[in-house]
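Student: Below are the structure tokens for one structure; questions will follow.
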Amino acid sequence: MANFLTYSEVDTDIQSRMQGSAPDQTKRLNAINLAAQNLGAKYDIDSTKREKIVYIVPNGDPINLSTEIPDYKNIKDLRYLNKSNGEFRRIEDDIFDIHSKNGALIDEYTTTFNNGKEYLRVSMADGYSSTDLHACNSLTENGTWAVVAASDAVNLSLNTVNSVNSGGALQFDIDVSNSVNNYAVVENSTITSLDLTSYLGLGRARFWVYLPSVTEFTSVELRWGSSSSDYYSAVATTNIDGSPLVSGLNHIEIDWADATSTGSPDVSAVDYLAIKLNYTASFTDQTAVRVEGIKMFLPMPVRIVYYSSYVSQTTSGTFQPDLTATSSDEILLPRRFKNLLVLESLKILWPMSMGQDSTPYLNQVYADYSKEEKSLDATIGNRPNVNRRRVKIHNPLD
């Protein structure tokens with residue numbers, strides 16, 4: 001007997017219980033899929049547990065789990081990939097914030113929701129590798145910043161008031177009549193030379209951009225290399241967490257893996273940096289655009305153990321979000337869930353079949369379902385336990 005339920009055996013049981021009153025196959029299939037998803041959403045079932053290696057920057061910034069893992073439902077564990085004597089502890093997000101603000105380096109993680117999406121935040125005891133490309137807190141220290149004449153950037157200055165890190169930010173205006181190129185560029189061709197060999201193809205640059213308006217704005221582009229004709233470049237069209245660019249402050253990430261090269265940049269002697277803001281011909285003049293804190297990070301590999309939202313698979317083992325009409329498709333639920341799955345399906349099918357006359361049938365289904373559910377809940381949990389012990393790390397500067 002197979003370890004998992006097959007579509008055909010569940011469908012056969014449904015038809016038997018409905019005694020010739022079952023709706024057609026398409027409706028039964030849809031009901032089984034919906035019932036399986038409902039149960040999968042309620043129970044974190046080991047048969048839907050999967051692992052994926054993900055490269056992250058463990059500095060506490062939010063990581064969109066649905067972007068990293070398309071079938072993500074709920075996290076089970078976070079593990080080092082190449083470290084056997086370390087483990088991550090899951091804590092509440094408010095405690096994570098306290099630790100992060102105090103600069104504590106601890107192997108821990110948390111998840112938090114924002115706008116309906118779940119984000120992962122990670123801290124590592126060993127820290128992470130990074131290098132400043134430019135702090136943007138001076139126009140003349142570490143090279144000289146200037147506007148590119150063939151662009152719409154004008155009135156470059158230093159803003160020391162509205163800075164994220166209170167160290168200063170590059171500030172400039174955009175005059176769309178200054179050129180016909182639909183972009184604004186500021187550049188620095190004389191920064192202190194950096195050897196980014198260890199970041200090649202792996203690094204992720206992060207920085208802040210304040211945009212007065214995003215109407216008709218398209219992307220933020222970063223260029224880094226050895227000259228204005230020899231550089232790498234890549235664009236970002238969203239914030240670091242995958243949310244849309246907004247009128248206001250945006251946290252940008254540029255992934256080196258997405259970059260293309262122009263000319264022949266020397267990765268061992270990077271001394272050129274530029275920010276290019278792209279927009280359509282309908283974009284309007286802007287005042288006080290700001291850029292600051294350009295930094296390159298080296299992501300670390302971790303293993304995320306998670307429960308998948310996919311609750312079915314083909315006989316060849318290919319995970320899929322829904323069953324097909326193939327009789328041998330498997331539902332990734334243990335066999336002890338069969339009665340609950342059938343009953344959950346009947347909740348959907350009886351009203352389709354009997355309309356208002358379905359009440360006595362539904363009453364029996366709900367009674368049977370409640371009994372079956374209590375039996376299962378007595379032996380399995382439906383949510384992972386989260387360590388809720390509150391630990392305060394004192395600020396060493398206090």
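All residue names refer to the structure tokens as shown: chains lettered A, B, ... in order, residues numbered from 1 in each chain, ligands numbered from 1 in order.
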Please provide the set of residues having any atom within 7 Å of stretch 163-175 of chain A, restricted to only C-alpha atoms, with same-chain residues fewer than 6 positions apart removed, written as a short mmCIF file (atom, residue, chain, number, x, y, z; two decimals) with N, CA and C atoms, in the first residue's frame.
Tutor:
data_model
loop_
_atom_site.label_atom_id
_atom_site.label_comp_id
_atom_site.auth_asym_id
_atom_site.auth_seq_id
_atom_site.Cartn_x
_atom_site.Cartn_y
_atom_site.Cartn_z
N CYS A 136 28.68 58.13 0.97
CA CYS A 136 27.93 59.26 0.41
C CYS A 136 27.75 60.40 1.42
N ASN A 137 28.66 60.52 2.39
CA ASN A 137 28.56 61.58 3.38
C ASN A 137 29.51 62.73 3.10
N ASP A 152 19.83 64.29 -16.62
CA ASP A 152 18.95 65.32 -16.08
C ASP A 152 19.29 65.70 -14.65
N ALA A 153 20.38 65.15 -14.09
CA ALA A 153 20.77 65.48 -12.73
C ALA A 153 21.39 66.88 -12.67
N VAL A 154 20.93 67.70 -11.72
CA VAL A 154 21.46 69.06 -11.54
C VAL A 154 21.52 69.37 -10.05
N ASN A 155 22.27 70.40 -9.74
CA ASN A 155 22.33 70.96 -8.37
C ASN A 155 22.75 69.92 -7.32
N LEU A 156 23.85 69.24 -7.58
CA LEU A 156 24.36 68.26 -6.63
C LEU A 156 24.87 68.94 -5.37
N SER A 157 24.48 68.42 -4.21
CA SER A 157 24.92 68.98 -2.93
C SER A 157 24.95 67.86 -1.90
N ALA A 184 18.77 60.33 -14.87
CA ALA A 184 19.63 61.24 -14.11
C ALA A 184 20.77 60.42 -13.53
N ASP A 285 9.87 67.13 -13.28
CA ASP A 285 10.99 67.65 -12.49
C ASP A 285 10.85 67.23 -11.03
N GLN A 286 11.99 66.95 -10.40
CA GLN A 286 12.01 66.52 -9.01
C GLN A 286 13.05 67.34 -8.23
N THR A 287 12.73 67.55 -6.97
CA THR A 287 13.62 68.31 -6.09
C THR A 287 14.07 67.45 -4.92
N ALA A 288 15.35 67.49 -4.62
CA ALA A 288 15.92 66.84 -3.44
C ALA A 288 15.82 65.31 -3.47
N VAL A 289 16.28 64.74 -4.57
CA VAL A 289 16.50 63.28 -4.60
C VAL A 289 17.73 63.00 -3.74
N ARG A 290 17.73 61.90 -2.98
CA ARG A 290 18.86 61.60 -2.11
C ARG A 290 19.34 60.16 -2.30
N VAL A 291 20.66 59.98 -2.16
CA VAL A 291 21.28 58.66 -2.23
C VAL A 291 22.31 58.57 -1.11
N GLU A 292 22.35 57.42 -0.41
CA GLU A 292 23.36 57.29 0.64
C GLU A 292 23.64 55.83 0.98
#
Student: Going by DSSP on the backbone, which residues of stretch 153-396 of chain A come out as strand (DSSP E or B)? List them as a ChimeraX atom specification.
Tutor: /A:153-159,169-174,183-188,194,204-211,217-227,230-236,238,244,248-255,260-262,270,272-279,286-298,300-308,312-313,319-320,330-334
Student: How far is it from atom CA of A:Ser312 to atom CA of A:Gln15, in Å with one decimal?
Tutor: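 Separation of atom CA of A:Ser312 and atom CA of A:Gln15: 20.6 Å.
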Student: Please tabulate, as a Markdown table, the residues of stretch 220-325 of chain A that come within 12 Å of stretch 17-26 of chain A, each with its closest pair of atoms and the distance in Å to one decimal, counting only C-alpha atoms and ordering rows by chain, then residue number upward.
Tutor:
| residue | atom | partner | partner_atom | distance |
| --- | --- | --- | --- | --- |
| A:Leu323 | CA | A:Thr26 | CA | 11.2 |
| A:Thr324 | CA | A:Thr26 | CA | 9.6 |
| A:Ala325 | CA | A:Thr26 | CA | 8.1 |
Student: What's the 7 Å shell around A:Gly293, counting only C-alpha atoms, without same-chain residues fewer than 3 positions away, as a ChimeraX atom specification?
Tutor: /A:134-136,207-208
Student: Could you write those residues out with C-alpha atoms, as a tab-separated table (two decimals), in the first residue's frame?
Tutor:
chain	number	residue	atom	x	y	z
A	134	HIS	CA	30.83	54.79	-0.60
A	135	ALA	CA	29.13	56.26	2.48
A	136	CYS	CA	27.93	59.26	0.41
A	207	PHE	CA	21.81	51.57	-0.41
A	208	TRP	CA	19.06	54.11	0.26
Student: Suppose you want the space between atom CA of A:Tyr119 and atom CA of A:Ile95; what is it in Å?
Tutor: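 One can read the atom CA of A:Tyr119 to atom CA of A:Ile95 distance as 15.6 Å.
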Student: Could you pull the residues within 8 Å of A:Thr262, counting only C-alpha atoms, minus those fewer than 5 positions along the same chain, as a list of chain:residue names?
Tutor: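 Using only C-alpha atoms, the neighbours found are A:Ser229, A:Asp230, A:Tyr231, A:Tyr232, A:Ser233.
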Student: Quick one: residues within 10 Å of A:Asn339, only C-alpha atoms counted, chain neighbours fewer than 3 positions away excluded, as a VMD selection string?
Tutor: chain A and resid 10 13 to 14 335 to 336 342 to 345 368 to 369 372 to 373
Student: Produce a table with one row for each residue of stretch 270-344 of chain A that has an atom at most 12 Å from any atom of stretch 44-68 of chain A, each row naming the nearest atom pair and its distance in Å at one decimal; use only C-alpha atoms; arrange rows by chain and rising residue number; format as CSV.
Tutor:
residue,atom,partner,partner_atom,distance
A:Met296,CA,A:Val57,CA,10.3
A:Phe297,CA,A:Val57,CA,6.9
A:Leu298,CA,A:Val57,CA,6.9
A:Pro299,CA,A:Val57,CA,4.7
A:Met300,CA,A:Tyr55,CA,5.2
A:Pro301,CA,A:Tyr55,CA,4.3
A:Val302,CA,A:Val54,CA,5.6
A:Arg303,CA,A:Ile53,CA,4.5
A:Ile304,CA,A:Lys52,CA,5.4
A:Val305,CA,A:Glu51,CA,4.5
A:Tyr306,CA,A:Arg50,CA,5.5
A:Tyr307,CA,A:Lys49,CA,4.4
A:Ser308,CA,A:Thr48,CA,5.3
A:Ser309,CA,A:Thr48,CA,7.6
A:Tyr310,CA,A:Thr48,CA,7.2
A:Val311,CA,A:Thr48,CA,6.5
A:Ser312,CA,A:Thr48,CA,8.7
A:Gln313,CA,A:Thr48,CA,10.2
A:Phe319,CA,A:Thr48,CA,9.6
A:Gln320,CA,A:Thr48,CA,11.3
A:Pro321,CA,A:Thr48,CA,11.4
A:Glu330,CA,A:Ser47,CA,11.4
A:Ile331,CA,A:Ser47,CA,9.6
A:Leu332,CA,A:Ser47,CA,5.9
A:Leu333,CA,A:Ser47,CA,6.5
A:Pro334,CA,A:Ser47,CA,7.3
A:Arg335,CA,A:Ser47,CA,10.9
A:Arg336,CA,A:Ile45,CA,11.6
A:Phe337,CA,A:Ile45,CA,10.3
Student: Taking the DSSP secondary structure from the backbone, can you list the residues of stretch 76-285 of chain A that are alpha helix (DSSP H), as a list in words?
Tutor: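 Taking stretch 76-285 of chain A and keeping alpha helix (DSSP H) gives Asp93, Asp94, Ile95, Phe96, Asp97, Ile98, His99, Ser100 and Lys101 of chain A.
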Student: Keeping C-alpha atoms for every residue in the selection just given, could you write it to a file as a PDB file, in the first residue's frame?
Tutor:
ATOM      1  CA  ASP A  93      10.367  39.752  16.235  1.00  0.00           C
ATOM      2  CA  ASP A  94      10.281  42.395  18.998  1.00  0.00           C
ATOM      3  CA  ILE A  95      13.110  40.655  20.845  1.00  0.00           C
ATOM      4  CA  PHE A  96      15.010  40.359  17.559  1.00  0.00           C
ATOM      5  CA  ASP A  97      14.656  44.141  17.165  1.00  0.00           C
ATOM      6  CA  ILE A  98      16.141  44.748  20.614  1.00  0.00           C
ATOM      7  CA  HIS A  99      19.110  42.502  19.896  1.00  0.00           C
ATOM      8  CA  SER A 100      19.640  44.092  16.485  1.00  0.00           C
ATOM      9  CA  LYS A 101      19.533  47.662  17.807  1.00  0.00           C
TER      10      LYS A 101
END
Student: So which one's closest to A:Val147, A:Asn188, A:Ser282, A:Thr238, A:Ser123? Using only C-alpha atoms, please.
Tutor: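 Among the listed residues, the smallest separation from A:Val147 belongs to A:Asn188.
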Student: Using only C-alpha atoms, pick whichever of A:Tyr210, A:Trp224, A:Trp350, A:Tyr183 has the shortest atom-to-atom distance to A:Ala281.
Tutor: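 Among the listed residues, A:Tyr183 lies closest to A:Ala281.
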Student: Skipping near chain neighbours, those fewer than 3 positions away, what residues fall within 8 Å of A:Gly248 using only C-alpha atoms, listed as a list in words?
Tutor: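 Returned residues: Tyr210, Leu211, Pro212 and Ser213 of chain A.
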Student: In Å, with one decimal, what is the gap from atom CA of A:Arg90 to atom CA of A:Asp377?
Tutor: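 According to the coordinates, atom CA of A:Arg90 and atom CA of A:Asp377 are separated by 23.9 Å.
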Student: Using only C-alpha atoms, which protein or nucleic acid residues come within 12 Å of A:Pro351? Drop anything in the same chain fewer than 2 positions from it, and give the result as a ChimeraX atom specification.
Tutor: /A:18,21-23,27,31,345-349,353-363,365
Student: Export N, CA and C atoms of the chosen residues as a tab-separated table (two decimals), in the first residue's frame?
Tutor:
chain	number	residue	atom	x	y	z
A	18	MET	N	-21.61	9.45	-1.08
A	18	MET	CA	-22.69	10.27	-1.63
A	18	MET	C	-23.74	9.43	-2.35
A	21	SER	N	-25.16	10.56	-5.66
A	21	SER	CA	-25.52	11.98	-5.72
A	21	SER	C	-24.31	12.88	-5.93
A	22	ALA	N	-23.16	12.28	-6.17
A	22	ALA	CA	-21.93	13.08	-6.30
A	22	ALA	C	-21.95	13.92	-7.58
A	23	PRO	N	-21.48	15.17	-7.51
A	23	PRO	CA	-21.33	15.99	-8.71
A	23	PRO	C	-20.32	15.37	-9.68
A	27	LYS	N	-15.90	18.80	-10.57
A	27	LYS	CA	-16.27	19.41	-9.30
A	27	LYS	C	-15.69	18.62	-8.13
A	31	ALA	N	-13.03	20.03	-5.39
A	31	ALA	CA	-13.34	19.94	-3.96
A	31	ALA	C	-12.21	19.24	-3.20
A	345	SER	N	-14.03	17.43	1.93
A	345	SER	CA	-14.54	17.50	0.55
A	345	SER	C	-16.06	17.47	0.52
A	346	LEU	N	-16.65	16.65	1.38
A	346	LEU	CA	-18.11	16.54	1.41
A	346	LEU	C	-18.78	17.83	1.86
A	347	LYS	N	-18.07	18.61	2.70
A	347	LYS	CA	-18.61	19.92	3.09
A	347	LYS	C	-18.86	20.79	1.87
A	348	ILE	N	-18.02	20.62	0.87
A	348	ILE	CA	-18.11	21.43	-0.35
A	348	ILE	C	-19.11	20.81	-1.34
A	349	LEU	N	-19.13	19.48	-1.41
A	349	LEU	CA	-19.88	18.78	-2.46
A	349	LEU	C	-21.37	18.62	-2.16
A	353	SER	N	-24.62	19.36	-4.66
A	353	SER	CA	-25.48	18.28	-5.12
A	353	SER	C	-26.94	18.47	-4.69
A	354	MET	N	-27.15	18.88	-3.45
A	354	MET	CA	-28.51	18.88	-2.90
A	354	MET	C	-29.08	20.27	-2.64
A	355	GLY	N	-28.28	21.30	-2.75
A	355	GLY	CA	-28.79	22.65	-2.50
A	355	GLY	C	-29.28	22.81	-1.08
A	356	GLN	N	-30.47	23.40	-0.91
A	356	GLN	CA	-31.02	23.63	0.41
A	356	GLN	C	-31.36	22.32	1.13
A	357	ASP	N	-31.52	21.24	0.37
A	357	ASP	CA	-31.84	19.95	0.98
A	357	ASP	C	-30.61	19.25	1.56
A	358	SER	N	-29.46	19.91	1.52
A	358	SER	CA	-28.22	19.28	1.99
A	358	SER	C	-28.03	19.37	3.49
A	359	THR	N	-28.90	20.11	4.20
A	359	THR	CA	-28.71	20.36	5.63
A	359	THR	C	-28.51	19.10	6.46
A	360	PRO	N	-29.39	18.08	6.35
A	360	PRO	CA	-29.18	16.88	7.19
A	360	PRO	C	-27.87	16.16	6.87
A	361	TYR	N	-27.48	16.17	5.59
A	361	TYR	CA	-26.22	15.53	5.21
A	361	TYR	C	-25.03	16.30	5.79
A	362	LEU	N	-25.12	17.65	5.71
A	362	LEU	CA	-24.04	18.48	6.24
A	362	LEU	C	-23.93	18.35	7.75
A	363	ASN	N	-25.05	18.27	8.43
A	363	ASN	CA	-25.01	18.12	9.88
A	363	ASN	C	-24.23	16.87	10.28
A	365	VAL	N	-21.98	15.32	8.39
A	365	VAL	CA	-20.58	15.52	8.00
A	365	VAL	C	-19.84	16.33	9.05
Student: Could you make a table, as a tab-separated table, of the residues of stretch 59-175 of chain A that have an atom within 12 Å of an atom of stretch 199-203 of chain A, each with its nearest atom pair and distance in Å to one decimal, counting only C-alpha atoms, in chain and number order?
Tutor:
residue	atom	partner	partner_atom	distance
A:Tyr128	CA	A:Gly203	CA	11.7
A:Ser129	CA	A:Tyr199	CA	9.5
A:Ser130	CA	A:Gly203	CA	8.7
A:Thr131	CA	A:Tyr199	CA	9.7
A:Leu133	CA	A:Gly203	CA	11.8
Student: Using only C-alpha atoms, which of the listed residues (A:Ile252, A:Ile191, A:Ala274, A:Ala125) sits closest to A:Ser138?
Tutor: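 Nearest candidate to A:Ser138 out of A:Ile252, A:Ile191, A:Ala274, A:Ala125: A:Ile191.
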Student: Between A:Asp241, A:Glu187, A:Asp126, A:Glu141, which one has atoms that come closest to A:Phe113, using only C-alpha atoms?
Tutor: A:Asp241
